[in-house]
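structure_14.cif follows (mmCIF, C-alpha atoms and all ligand atoms):
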data_target
loop_
_atom_site.label_atom_id
_atom_site.label_comp_id
_atom_site.auth_asym_id
_atom_site.auth_seq_id
_atom_site.Cartn_x
_atom_site.Cartn_y
_atom_site.Cartn_z
CA MET A 1 -32.17 1.43 6.58
CA THR A 2 -35.98 1.22 6.76
CA ASN A 3 -35.91 0.75 2.99
CA ASN A 4 -33.52 -2.11 3.40
CA ALA A 5 -35.63 -3.74 6.07
CA GLU A 6 -38.47 -3.96 3.57
CA MET A 7 -36.33 -5.81 1.09
CA MET A 8 -36.11 -9.55 0.72
CA THR A 9 -32.32 -9.72 0.84
CA PRO A 10 -30.01 -8.00 3.30
CA VAL A 11 -27.62 -5.37 1.96
CA ARG A 12 -24.32 -6.81 0.79
CA VAL A 13 -21.52 -4.47 1.84
CA ILE A 14 -18.44 -4.54 -0.40
CA ASP A 15 -15.61 -2.54 1.15
CA LEU A 16 -13.05 -1.28 -1.37
CA ARG A 17 -11.63 1.57 0.72
CA SER A 18 -8.36 -0.23 1.30
CA ASP A 19 -6.76 -3.67 1.47
CA THR A 20 -6.21 -2.97 5.17
CA VAL A 21 -9.86 -3.89 5.85
CA THR A 22 -9.25 -7.63 5.33
CA ARG A 23 -10.10 -9.86 8.27
CA PRO A 24 -7.92 -12.78 9.32
CA SER A 25 -8.81 -16.06 7.61
CA GLN A 26 -9.83 -19.20 9.49
CA ALA A 27 -6.31 -20.58 8.92
CA MET A 28 -4.86 -17.45 10.54
CA ARG A 29 -7.22 -17.71 13.51
CA THR A 30 -6.23 -21.34 14.00
CA ALA A 31 -2.53 -20.48 13.75
CA ILE A 32 -3.03 -17.66 16.28
CA SER A 33 -4.66 -20.03 18.77
CA LEU A 34 -1.85 -22.57 18.45
CA ALA A 35 1.11 -20.15 18.35
CA GLU A 36 4.12 -20.87 20.51
CA VAL A 37 5.10 -17.61 22.18
CA GLY A 38 7.65 -16.00 24.49
CA ASP A 39 8.71 -12.47 25.43
CA ASP A 40 9.95 -10.92 22.20
CA VAL A 41 11.61 -7.98 23.96
CA TYR A 42 13.86 -10.60 25.59
CA GLY A 43 14.24 -12.17 22.13
CA GLU A 44 12.35 -15.28 23.23
CA ASP A 45 9.37 -15.57 20.91
CA PRO A 46 10.02 -18.48 18.53
CA THR A 47 7.13 -17.59 16.21
CA VAL A 48 8.38 -14.03 15.80
CA HIS A 49 11.87 -15.40 15.08
CA GLU A 50 10.47 -17.67 12.42
CA LEU A 51 8.51 -14.86 10.78
CA GLU A 52 11.57 -12.59 10.79
CA ARG A 53 13.72 -15.35 9.28
CA ARG A 54 11.15 -16.03 6.56
CA ALA A 55 10.71 -12.33 5.70
CA ALA A 56 14.47 -11.75 5.48
CA GLU A 57 14.79 -14.72 3.14
CA LEU A 58 11.86 -13.61 0.97
CA LEU A 59 13.17 -10.06 0.63
CA GLY A 60 16.81 -11.10 0.16
CA PHE A 61 18.28 -9.42 3.25
CA GLU A 62 20.33 -10.72 6.19
CA ALA A 63 17.69 -9.91 8.78
CA ALA A 64 14.19 -8.59 9.36
CA LEU A 65 12.15 -7.13 12.20
CA PHE A 66 8.44 -7.52 12.94
CA ILE A 67 6.89 -4.09 13.57
CA PRO A 68 3.32 -3.05 14.49
CA THR A 69 2.72 -0.87 11.42
CA GLY A 70 4.17 0.17 8.08
CA THR A 71 4.30 3.75 9.33
CA MET A 72 6.50 2.76 12.27
CA ALA A 73 8.65 0.60 9.98
CA ASN A 74 9.29 3.52 7.60
CA LEU A 75 10.01 5.86 10.51
CA ILE A 76 12.49 3.40 12.03
CA ALA A 77 14.20 2.91 8.65
CA VAL A 78 14.64 6.68 8.23
CA MET A 79 15.88 7.02 11.84
CA VAL A 80 18.55 4.37 11.31
CA HIS A 81 19.70 5.49 7.87
CA CYS A 82 19.82 9.14 8.96
CA ARG A 83 21.28 8.71 12.45
CA GLY A 84 23.87 11.26 13.42
CA GLY A 85 21.65 14.25 12.68
CA ASP A 86 21.76 17.08 10.11
CA SER A 87 20.32 14.68 7.54
CA GLU A 88 17.76 14.80 4.81
CA ALA A 89 15.85 12.14 2.91
CA ILE A 90 14.72 12.49 -0.70
CA LEU A 91 11.07 11.52 -1.15
CA GLY A 92 8.54 11.55 -3.99
CA HIS A 93 5.86 14.24 -3.65
CA ARG A 94 3.12 11.58 -3.72
CA SER A 95 4.86 9.14 -1.38
CA HIS A 96 3.14 7.69 1.67
CA ILE A 97 6.02 8.80 3.92
CA HIS A 98 5.63 12.38 2.73
CA LEU A 99 1.82 12.56 2.65
CA TYR A 100 0.35 10.12 5.14
CA GLU A 101 2.70 9.57 8.06
CA GLN A 102 2.08 12.82 9.93
CA GLY A 103 5.50 14.11 8.92
CA GLY A 104 6.95 11.78 11.55
CA ILE A 105 10.37 11.71 9.96
CA ALA A 106 10.60 15.45 10.71
CA THR A 107 8.86 15.59 14.08
CA LEU A 108 10.14 12.33 15.57
CA ALA A 109 13.32 11.53 13.64
CA GLY A 110 14.45 15.14 13.10
CA VAL A 111 15.11 14.46 9.43
CA HIS A 112 14.59 17.08 6.75
CA THR A 113 12.44 16.08 3.78
CA ARG A 114 13.60 16.93 0.27
CA VAL A 115 10.76 16.39 -2.16
CA VAL A 116 11.16 15.39 -5.79
CA LYS A 117 8.22 15.01 -8.18
CA ASN A 118 6.84 11.55 -8.80
CA HIS A 119 6.12 10.69 -12.40
CA ALA A 120 2.61 9.37 -13.03
CA ASP A 121 4.04 5.83 -12.92
CA GLY A 122 5.45 6.33 -9.42
CA THR A 123 9.10 6.64 -10.48
CA LEU A 124 11.29 9.69 -9.88
CA ASP A 125 13.21 11.76 -12.42
CA LEU A 126 16.75 10.55 -11.83
CA GLU A 127 18.31 13.81 -13.01
CA GLU A 128 16.19 15.64 -10.45
CA VAL A 129 17.20 13.14 -7.78
CA GLU A 130 20.85 13.58 -8.65
CA ALA A 131 20.54 17.36 -8.53
CA ALA A 132 18.78 17.11 -5.15
CA ILE A 133 21.57 15.13 -3.46
CA ARG A 134 23.54 17.47 -1.18
CA LEU A 135 26.79 16.55 0.49
CA ASP A 136 29.38 18.33 2.53
CA ASP A 137 28.42 22.00 2.42
CA VAL A 138 27.89 23.93 5.65
CA HIS A 139 24.66 25.45 4.30
CA PHE A 140 22.88 22.18 3.66
CA PRO A 141 21.71 19.09 5.47
CA VAL A 142 23.44 15.96 4.23
CA THR A 143 21.42 13.69 1.94
CA ARG A 144 21.67 10.24 3.48
CA LEU A 145 18.66 8.48 2.03
CA ILE A 146 16.39 8.16 -1.01
CA CYS A 147 12.99 6.52 -0.47
CA VAL A 148 10.92 4.90 -3.21
CA GLU A 149 7.55 3.21 -2.98
CA ASN A 150 6.72 -0.09 -4.71
CA THR A 151 3.93 -0.48 -5.63
CA HIS A 152 3.15 3.22 -5.58
CA ASN A 153 -0.08 3.75 -3.70
CA MET A 154 -1.07 7.30 -4.68
CA CYS A 155 0.05 6.74 -8.25
CA GLY A 156 -2.55 3.96 -8.42
CA GLY A 157 -0.67 0.83 -7.36
CA ARG A 158 1.90 1.25 -10.12
CA VAL A 159 4.78 -1.22 -10.25
CA ILE A 160 8.29 0.23 -10.14
CA SER A 161 10.40 -1.71 -12.64
CA PRO A 162 13.68 -3.49 -11.85
CA LEU A 163 15.30 -1.34 -14.58
CA PHE A 164 14.39 1.87 -12.77
CA MET A 165 15.64 0.37 -9.50
CA THR A 166 18.97 -0.54 -11.10
CA ARG A 167 19.45 3.02 -12.33
CA LEU A 168 18.42 4.51 -9.00
CA THR A 169 20.64 2.27 -6.89
CA GLN A 170 23.61 2.91 -9.20
CA LEU A 171 23.14 6.64 -8.73
CA ALA A 172 22.68 6.26 -4.95
CA GLN A 173 25.74 4.04 -4.58
CA SER A 174 27.90 6.41 -6.60
CA ARG A 175 26.95 9.20 -4.16
CA GLY A 176 27.11 7.12 -0.98
CA VAL A 177 23.36 7.48 -0.28
CA ALA A 178 21.15 4.64 1.01
CA VAL A 179 17.94 3.53 -0.73
CA HIS A 180 14.92 2.51 1.33
CA VAL A 181 11.94 0.88 -0.36
CA ASP A 182 8.51 1.46 1.14
CA GLY A 183 7.33 -1.96 0.06
CA ALA A 184 3.95 -1.96 1.80
CA ARG A 185 2.66 -3.71 -1.35
CA LEU A 186 5.95 -5.04 -2.70
CA LEU A 187 4.50 -8.50 -3.19
CA ASN A 188 1.81 -7.09 -5.46
CA ALA A 189 4.65 -5.70 -7.60
CA ALA A 190 6.52 -9.01 -7.58
CA VAL A 191 3.40 -10.98 -8.52
CA ALA A 192 2.48 -8.51 -11.29
CA LEU A 193 5.97 -8.79 -12.78
CA GLY A 194 6.25 -12.52 -12.17
CA VAL A 195 9.59 -12.12 -10.39
CA PRO A 196 10.71 -13.02 -6.86
CA PRO A 197 10.45 -9.96 -4.56
CA ASP A 198 14.19 -9.84 -3.84
CA ARG A 199 14.73 -9.04 -7.54
CA LEU A 200 13.10 -5.67 -6.84
CA LEU A 201 15.44 -4.90 -3.93
CA VAL A 202 18.88 -5.54 -5.44
CA ASN A 203 21.41 -3.08 -3.97
CA CYS A 204 18.75 -1.44 -1.78
CA SER A 205 19.59 -0.84 1.87
CA SER A 206 16.22 -1.73 3.37
CA SER A 207 12.60 -2.51 2.60
CA THR A 208 9.30 -2.70 4.41
CA LEU A 209 6.47 -5.11 3.68
CA CYS A 210 2.93 -4.88 5.07
CA LEU A 211 1.38 -8.15 6.21
CA SER A 212 -1.84 -6.35 7.13
CA LYS A 213 -2.82 -5.23 3.63
CA SER A 214 -3.41 -7.51 0.69
CA LEU A 215 -1.78 -10.42 2.53
CA GLY A 216 -4.71 -10.35 4.95
CA ALA A 217 -2.95 -10.54 8.32
CA PRO A 218 -4.67 -8.63 11.13
CA VAL A 219 -1.64 -6.57 12.21
CA GLY A 220 1.98 -6.06 11.31
CA SER A 221 4.71 -5.06 8.91
CA MET A 222 8.24 -6.27 8.28
CA LEU A 223 11.39 -4.18 7.95
CA ALA A 224 14.35 -5.94 6.33
CA GLY A 225 18.00 -4.97 5.92
CA SER A 226 21.51 -5.95 6.95
CA ALA A 227 22.04 -7.55 10.37
CA ALA A 228 23.67 -4.34 11.64
CA PHE A 229 20.78 -2.23 10.33
CA ILE A 230 18.19 -4.47 11.97
CA ALA A 231 20.08 -4.41 15.29
CA GLN A 232 19.76 -0.61 15.24
CA ALA A 233 16.15 -0.84 14.07
CA ARG A 234 15.35 -3.05 17.07
CA ARG A 235 16.61 -0.32 19.41
CA ARG A 236 14.49 2.33 17.63
CA ARG A 237 11.40 0.14 17.75
CA LYS A 238 11.77 -0.09 21.52
CA VAL A 239 12.13 3.68 22.05
CA LEU A 240 9.00 4.22 19.96
CA GLY A 241 7.09 1.89 22.25
CA GLY A 242 7.00 -0.95 19.76
CA GLY A 243 8.51 -3.69 21.95
CA TRP A 244 5.56 -6.05 21.93
CA ARG A 245 6.12 -9.06 24.15
CA GLN A 246 4.16 -12.20 23.10
CA ALA A 247 3.80 -10.93 19.54
CA GLY A 248 3.99 -14.53 18.34
CA VAL A 249 0.19 -14.63 18.22
CA LEU A 250 0.38 -11.96 15.50
CA ALA A 251 3.47 -13.42 13.85
CA ALA A 252 1.60 -16.72 13.50
CA ALA A 253 -0.98 -14.97 11.31
CA GLY A 254 1.90 -13.31 9.43
CA LEU A 255 3.38 -16.73 8.64
CA VAL A 256 0.05 -17.87 7.21
CA ALA A 257 0.02 -14.66 5.14
CA LEU A 258 3.42 -15.56 3.64
CA ASP A 259 2.47 -19.21 3.11
CA ALA A 260 -1.04 -18.89 1.74
CA MET A 261 -1.80 -15.37 0.59
CA ILE A 262 0.87 -14.45 -1.99
CA ASP A 263 -0.22 -16.67 -4.86
CA ARG A 264 -3.78 -15.37 -4.69
CA LEU A 265 -2.77 -11.71 -5.21
CA VAL A 266 -3.14 -12.27 -8.94
CA GLU A 267 -6.90 -12.58 -8.35
CA ASP A 268 -6.99 -9.06 -6.90
CA HIS A 269 -5.11 -7.77 -9.94
CA GLN A 270 -7.57 -9.46 -12.30
CA ALA A 271 -10.50 -8.01 -10.37
CA ALA A 272 -8.98 -4.53 -10.59
CA GLN A 273 -8.52 -4.98 -14.36
CA ARG A 274 -12.12 -6.05 -14.89
CA VAL A 275 -13.46 -3.11 -12.91
CA ALA A 276 -11.09 -0.65 -14.62
CA ARG A 277 -12.24 -1.84 -18.05
CA THR A 278 -15.88 -1.34 -17.05
CA VAL A 279 -15.28 2.14 -15.65
CA SER A 280 -13.28 3.19 -18.70
CA ASN A 281 -16.26 2.46 -20.96
CA VAL A 282 -19.34 3.30 -18.97
CA ALA A 283 -19.48 7.12 -18.95
CA PRO A 284 -16.34 8.68 -20.45
CA ALA A 285 -17.81 12.20 -20.22
CA LEU A 286 -18.10 11.72 -16.45
CA VAL A 287 -15.27 9.52 -15.22
CA GLN A 288 -12.01 8.30 -16.65
CA CYS A 289 -9.87 5.32 -15.83
CA ASP A 290 -7.07 3.81 -17.89
CA PRO A 291 -6.87 0.01 -17.51
CA GLU A 292 -3.37 0.14 -19.03
CA HIS A 293 -2.28 1.99 -15.90
CA VAL A 294 -3.82 -0.51 -13.51
CA ASP A 295 -0.80 -2.69 -12.71
CA THR A 296 -2.01 -4.32 -9.50
CA ASN A 297 -4.95 -4.18 -7.04
CA ILE A 298 -5.64 -0.42 -7.02
CA VAL A 299 -7.99 1.39 -9.41
CA MET A 300 -8.00 5.18 -9.55
CA VAL A 301 -11.07 6.79 -11.09
CA THR A 302 -10.79 10.44 -12.10
CA LEU A 303 -13.70 12.79 -12.68
CA THR A 304 -13.59 14.80 -15.90
CA ASP A 305 -12.95 18.53 -15.49
CA ASP A 306 -16.40 19.78 -16.48
CA CYS A 307 -18.55 16.93 -15.17
CA GLY A 308 -20.20 19.20 -12.59
CA ILE A 309 -20.12 16.72 -9.69
CA GLN A 310 -17.67 15.74 -6.98
CA THR A 311 -16.34 12.39 -5.86
CA ALA A 312 -18.45 12.62 -2.68
CA ASP A 313 -21.60 12.42 -4.86
CA ILE A 314 -20.39 9.17 -6.40
CA CYS A 315 -19.32 7.77 -3.01
CA THR A 316 -22.79 8.43 -1.60
CA ALA A 317 -24.56 6.83 -4.57
CA LEU A 318 -22.31 3.76 -4.41
CA LYS A 319 -22.83 3.37 -0.70
CA GLU A 320 -26.63 3.61 -0.56
CA ALA A 321 -28.72 0.64 -1.65
CA THR A 322 -32.09 1.72 -3.07
CA ILE A 323 -35.17 -0.32 -3.95
CA LYS A 324 -35.05 0.91 -7.55
CA GLU A 325 -31.54 -0.26 -8.03
CA MET A 326 -32.35 -3.55 -6.36
CA GLU A 327 -34.78 -4.11 -9.23
CA ALA A 328 -32.13 -3.22 -11.82
CA ILE A 329 -29.20 -5.11 -10.30
CA GLY A 330 -31.08 -7.96 -8.67
CA GLU A 331 -29.28 -7.55 -5.37
CA SER A 332 -28.97 -4.94 -2.71
CA VAL A 333 -25.36 -3.77 -2.74
CA SER A 334 -23.45 -1.11 -0.86
CA VAL A 335 -20.01 -0.39 -2.32
CA ILE A 336 -17.65 1.66 -0.18
CA VAL A 337 -14.77 3.46 -1.89
CA SER A 338 -12.31 6.21 -0.87
CA ALA A 339 -12.45 9.76 -2.17
CA ILE A 340 -8.77 10.65 -2.45
CA SER A 341 -9.74 14.18 -3.48
CA SER A 342 -12.75 15.98 -4.97
CA ARG A 343 -11.63 14.64 -8.37
CA CYS A 344 -10.25 11.18 -7.63
CA LEU A 345 -11.66 7.93 -6.23
CA ARG A 346 -9.65 4.92 -5.14
CA LEU A 347 -10.89 1.31 -5.26
CA VAL A 348 -8.69 -1.37 -3.70
CA PHE A 349 -9.20 -5.12 -4.25
CA HIS A 350 -8.23 -7.65 -1.63
CA ALA A 351 -8.66 -11.12 -0.17
CA ASP A 352 -12.16 -10.48 1.23
CA ILE A 353 -13.58 -9.64 -2.23
CA SER A 354 -14.94 -12.70 -4.05
CA THR A 355 -15.54 -13.07 -7.78
CA ASP A 356 -19.26 -12.65 -7.07
CA ASP A 357 -18.48 -9.39 -5.27
CA VAL A 358 -16.54 -8.17 -8.32
CA ASP A 359 -19.56 -8.95 -10.54
CA LEU A 360 -21.74 -6.92 -8.18
CA VAL A 361 -19.27 -4.04 -8.04
CA ILE A 362 -19.34 -3.91 -11.84
CA LYS A 363 -23.14 -3.89 -11.89
CA LYS A 364 -23.39 -1.26 -9.22
CA LEU A 365 -20.75 1.02 -10.77
CA THR A 366 -22.42 0.73 -14.16
CA TYR A 367 -25.83 1.52 -12.69
CA VAL A 368 -24.64 4.49 -10.60
CA LEU A 369 -22.39 6.05 -13.21
CA GLN A 370 -24.98 5.73 -15.98
CA LYS A 371 -27.64 7.24 -13.76
CA ILE A 372 -25.48 10.19 -12.69
CA ASN A 373 -24.42 10.68 -16.31
CA ALA A 374 -28.03 10.67 -17.51
CA ASN A 375 -29.14 13.17 -14.84
CA LYS A 376 -26.28 15.46 -15.74
CA LYS A 377 -27.46 15.83 -19.37
C1 LIG B 1 -0.35 1.52 4.18
C2 LIG B 1 0.94 2.05 3.75
C3 LIG B 1 1.94 2.34 4.68
C4 LIG B 1 1.72 2.31 6.19
O1 LIG B 1 1.17 1.22 6.70
P1 LIG B 1 0.37 1.22 8.11
O2 LIG B 1 0.55 -0.18 8.53
O3 LIG B 1 -1.04 1.57 7.76
O4 LIG B 1 1.01 2.20 9.01
C5 LIG B 1 3.16 2.76 4.21
N1 LIG B 1 3.37 2.90 2.90
C6 LIG B 1 2.44 2.65 1.98
C7 LIG B 1 2.77 2.81 0.54
C8 LIG B 1 1.19 2.22 2.37
O5 LIG B 1 0.26 1.98 1.44
#

Is it possible to express this structure as structure tokens?
Ligand SMILES: *Cc1c(COP(=O)(O)O)cnc(C)c1O
Amino acid sequence: MTNNAEMMTPVRVIDLRSDTVTRPSQAMRTAISLAEVGDDVYGEDPTVHELERRAAELLGFEAALFIPTGTMANLIAVMVHCRGGDSEAILGHRSHIHLYEQGGIATLAGVHTRVVKNHADGTLDLEEVEAAIRLDDVHFPVTRLICVENTHNMCGGRVISPLFMTRLTQLAQSRGVAVHVDGARLLNAAVALGVPPDRLLVNCSSSTLCLSKSLGAPVGSMLAGSAAFIAQARRRRKVLGGGWRQAGVLAAAGLVALDAMIDRLVEDHQAAQRVARTVSNVAPALVQCDPEHVDTNIVMVTLTDDCGIQTADICTALKEATIKEMEAIGESVSVIVSAISSRCLRLVFHADISTDDVDLVIKKLTYVLQKINANKK
């Protein structure tokens, strides 16, 4: 910091850890201040009603429910689909529900997890899924649900195709099993494919959608499904402590997210492409990144097996802004990224990253990776 104080320009911090870090836009703050509200637990918040109506329409379901987080929305979906007990849900081994939700579907919903391998593109092997479905045997839990994630976060924001979804839902329907889509970033998938989001949910039983990620809202996720499903989901939300009174102030920001933030997602995808192309060329003996596999706003960077360093080393170098690099880059930049593991970094592009920021990220990555690569030799 003392170094920075000596510099002419302040450090520019570019936060690529997640698209959850976005701050509400001025339009959202205005909408929040003007929102008409009521007690949503009594069903009396008109702004929440409007958001739920709009989300249901967008996702092609009868109804939707506004929920504090995507984690709670997934948990509620599993609780409703698997009610009655002795149930299991089939999940991909890299899915958010399996890896990052504290195992809540086991501890809070009492649902057994049956894990199937994700392909690198986020899909599941349908033969494996079919073999995993278990019905009507006293030894087994009953498979009531298959969950898929679109886009697939840990697989690098990959888009799950409508063709895969058709095959999956045909299989699920033939076995009487529901399909839930963890659609935290479903709109990124829809924008990348150039299709309306409901096209990606045909014959699915439910879907989530995060407003608080690349859509830039401060808080909130949607869960959509049939009217009967959502009526049950509303009960579960209450028992989990998610009845949230004058939530219209948050729903107002969510409405701005749906109105103003979808069309701009393409900019995040372009930024991710540009950065992926840079990283793929800069130091192939050190880091690898395949731009062909960057479908949306997430870039995964993998360290080569024998590079001799760990992701933490790169994170540190990207974060610190040194005088030397200020001379090389022309600006003082701190880039914050996530180390998913000792081998893999994740960079996520979002509404608070400008085109100028992307230029700086490219300069900084090039500088840092070249320097580490040179020192290594
Ligand atoms: C972020 C995320 C969630 C959970 O959202 P929170 O609002 O952070 O609880 C669920 N699924 C996926 C794929 C996510 O990326």

Between CA of Val358 in chain A and CA of Val275 in chain A, measure the distance and give it in Å to one decimal. 7.5 Å

Report, in Å to a single decimal, how far apart CA of Val179 in chain A and CA of Gly84 in chain A are. 17.2 Å

Please produce, as a Markdown table, a per-residue contact table for chain A versus ligand LIG 1 (chain B) (criterion: any atom at most 7 Å away, all atoms listed in the file considered), showing the nearest atom pair and its distance in Å to one decimal, sorted by chain then residue number.
| residue | atom | partner | partner_atom | distance |
| --- | --- | --- | --- | --- |
| A:Thr69 | CA | B:LIG1 | O2 | 3.7 |
| A:Gly70 | CA | B:LIG1 | O1 | 3.5 |
| A:Thr71 | CA | B:LIG1 | O4 | 3.7 |
| A:Met72 | CA | B:LIG1 | O4 | 6.4 |
| A:Ser95 | CA | B:LIG1 | C7 | 6.9 |
| A:His96 | CA | B:LIG1 | N1 | 5.0 |
| A:Ile97 | CA | B:LIG1 | N1 | 6.5 |
| A:Glu149 | CA | B:LIG1 | C7 | 5.9 |
| A:His152 | CA | B:LIG1 | C7 | 6.1 |
| A:Asn153 | CA | B:LIG1 | C7 | 5.2 |
| A:Asp182 | CA | B:LIG1 | N1 | 5.6 |
| A:Gly183 | CA | B:LIG1 | C7 | 6.6 |
| A:Ala184 | CA | B:LIG1 | C6 | 4.9 |
| A:Arg185 | CA | B:LIG1 | O5 | 6.8 |
| A:Cys210 | CA | B:LIG1 | O2 | 6.3 |
| A:Ser212 | CA | B:LIG1 | O2 | 6.8 |
| A:Gly220 | CA | B:LIG1 | O2 | 6.7 |
| A:Ser221 | CA | B:LIG1 | O2 | 6.4 |

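Between CA of Glu57 in chain A and CA of Asn74 in chain A the separation is 19.6 Å.
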
Contact residues around Asn373 in chain A with only C-alpha atoms at 8 Å, ignoring same-chain residues under 2 positions, as a list in words: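 Contacts, with the query itself left out: Ala283, Ala285, Leu286, Leu369, Gln370, Lys371, Asn375, Lys376 and Lys377 of chain A.
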
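Considering only C-alpha atoms, the residue among A:Val148, A:Ala27, A:Val129, A:Val142 positioned nearest to Asp259 in chain A is A:Ala27.
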
Set the distance at 8 Å and use only C-alpha atoms: which residues neighbour range 120-122 of chain A once local chain neighbours fewer than 2 positions away are removed? I'd like the list as a compact mmCIF listing (two decimals) with C-alpha atoms, keeping the file's coordinate frame.
# COMPACT_ATOMS: atom_id res chain seq x y z
CA ASN A 118 6.84 11.55 -8.80
CA LEU A 124 11.29 9.69 -9.88
CA GLU A 149 7.55 3.21 -2.98
CA THR A 151 3.93 -0.48 -5.63
CA HIS A 152 3.15 3.22 -5.58
CA CYS A 155 0.05 6.74 -8.25
CA ARG A 158 1.90 1.25 -10.12
CA VAL A 159 4.78 -1.22 -10.25
CA ILE A 160 8.29 0.23 -10.14
CA HIS A 293 -2.28 1.99 -15.90

Excluding range 11-23 of chain A and residues on its chain fewer than 5 positions from it, collect all residues at most 6 Å away from it, counting all atoms listed in the file, and give them as a PyMOL selection string. chain A and resi 212-214+216+332-338+347-348+350+352

Closest to Leu65 in chain A among A:Ala189, A:Ala227, A:Val202, A:Leu360, using only C-alpha atoms?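 Closest candidate: A:Ala227.
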
Mind giving me the axis-aligned box for range 127-146 of chain A with 3 Å on every side, centre plus edges in Å to one decimal, as AutoDock Vina command-line options?
--center_x 22.8 --center_y 16.8 --center_z -3.7 --size_x 19.2 --size_y 23.3 --size_z 24.7

Spatial neighbours of Leu240 in chain A, 9 Å, all atoms listed in the file, chain gap at least 3 places, as JSON, numbers by chain: {"A": [72, 76, 235, 236, 237, 243]}

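Closest approach to Ala233 in chain A among A:Thr355, A:Ser206, A:Thr311, A:Thr107 is made by A:Ser206 (distances from only C-alpha atoms).
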
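Among the candidates A:Ala217, A:Ile323, A:Ala317, A:Leu163, the one nearest to Ala251 in chain A when counting only C-alpha atoms is A:Ala217.
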
Counting all atoms listed in the file, the option among A:Ala321, A:Val361, A:Leu303, A:Val219 closest to Thr278 in chain A: A:Val361

Could you pull the residues within 10 Å of Ala31 in chain A, counting all atoms listed in the file, minus those fewer than 4 positions along the same chain, as a list in words? Ser25, Gln26, Ala27, Ala35, Glu36, Gly248, Val249, Leu250, Ala251, Ala252, Ala253, Gly254, Leu255 and Val256 of chain A

With C-alpha atoms retained, export the selected residues as a JSON list (two decimals), in the coordinates of the input.
[["chain", "number", "residue", "atom", "x", "y", "z"],
["A", 25, "SER", "CA", -8.81, -16.06, 7.61],
["A", 26, "GLN", "CA", -9.83, -19.20, 9.49],
["A", 27, "ALA", "CA", -6.31, -20.58, 8.92],
["A", 35, "ALA", "CA", 1.11, -20.15, 18.35],
["A", 36, "GLU", "CA", 4.12, -20.87, 20.51],
["A", 248, "GLY", "CA", 3.99, -14.53, 18.34],
["A", 249, "VAL", "CA", 0.19, -14.63, 18.22],
["A", 250, "LEU", "CA", 0.38, -11.96, 15.50],
["A", 251, "ALA", "CA", 3.47, -13.42, 13.85],
["A", 252, "ALA", "CA", 1.60, -16.72, 13.50],
["A", 253, "ALA", "CA", -0.98, -14.97, 11.31],
["A", 254, "GLY", "CA", 1.90, -13.31, 9.43],
["A", 255, "LEU", "CA", 3.38, -16.73, 8.64],
["A", 256, "VAL", "CA", 0.05, -17.87, 7.21]]

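Each of A:Ala192, A:Ile329, A:Asn281, A:Lys324 was checked against Glu267 in chain A using only C-alpha atoms; the smallest atom-to-atom distance is that of A:Ala192.
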
Anything within 9 Å of (-18.1, 9.6, -4.8): list those residues as an MDAnalysis selection string, counting all atoms listed in the file and sticking to the file's coordinates. chainID A and resid 309:319 337:339 342:345
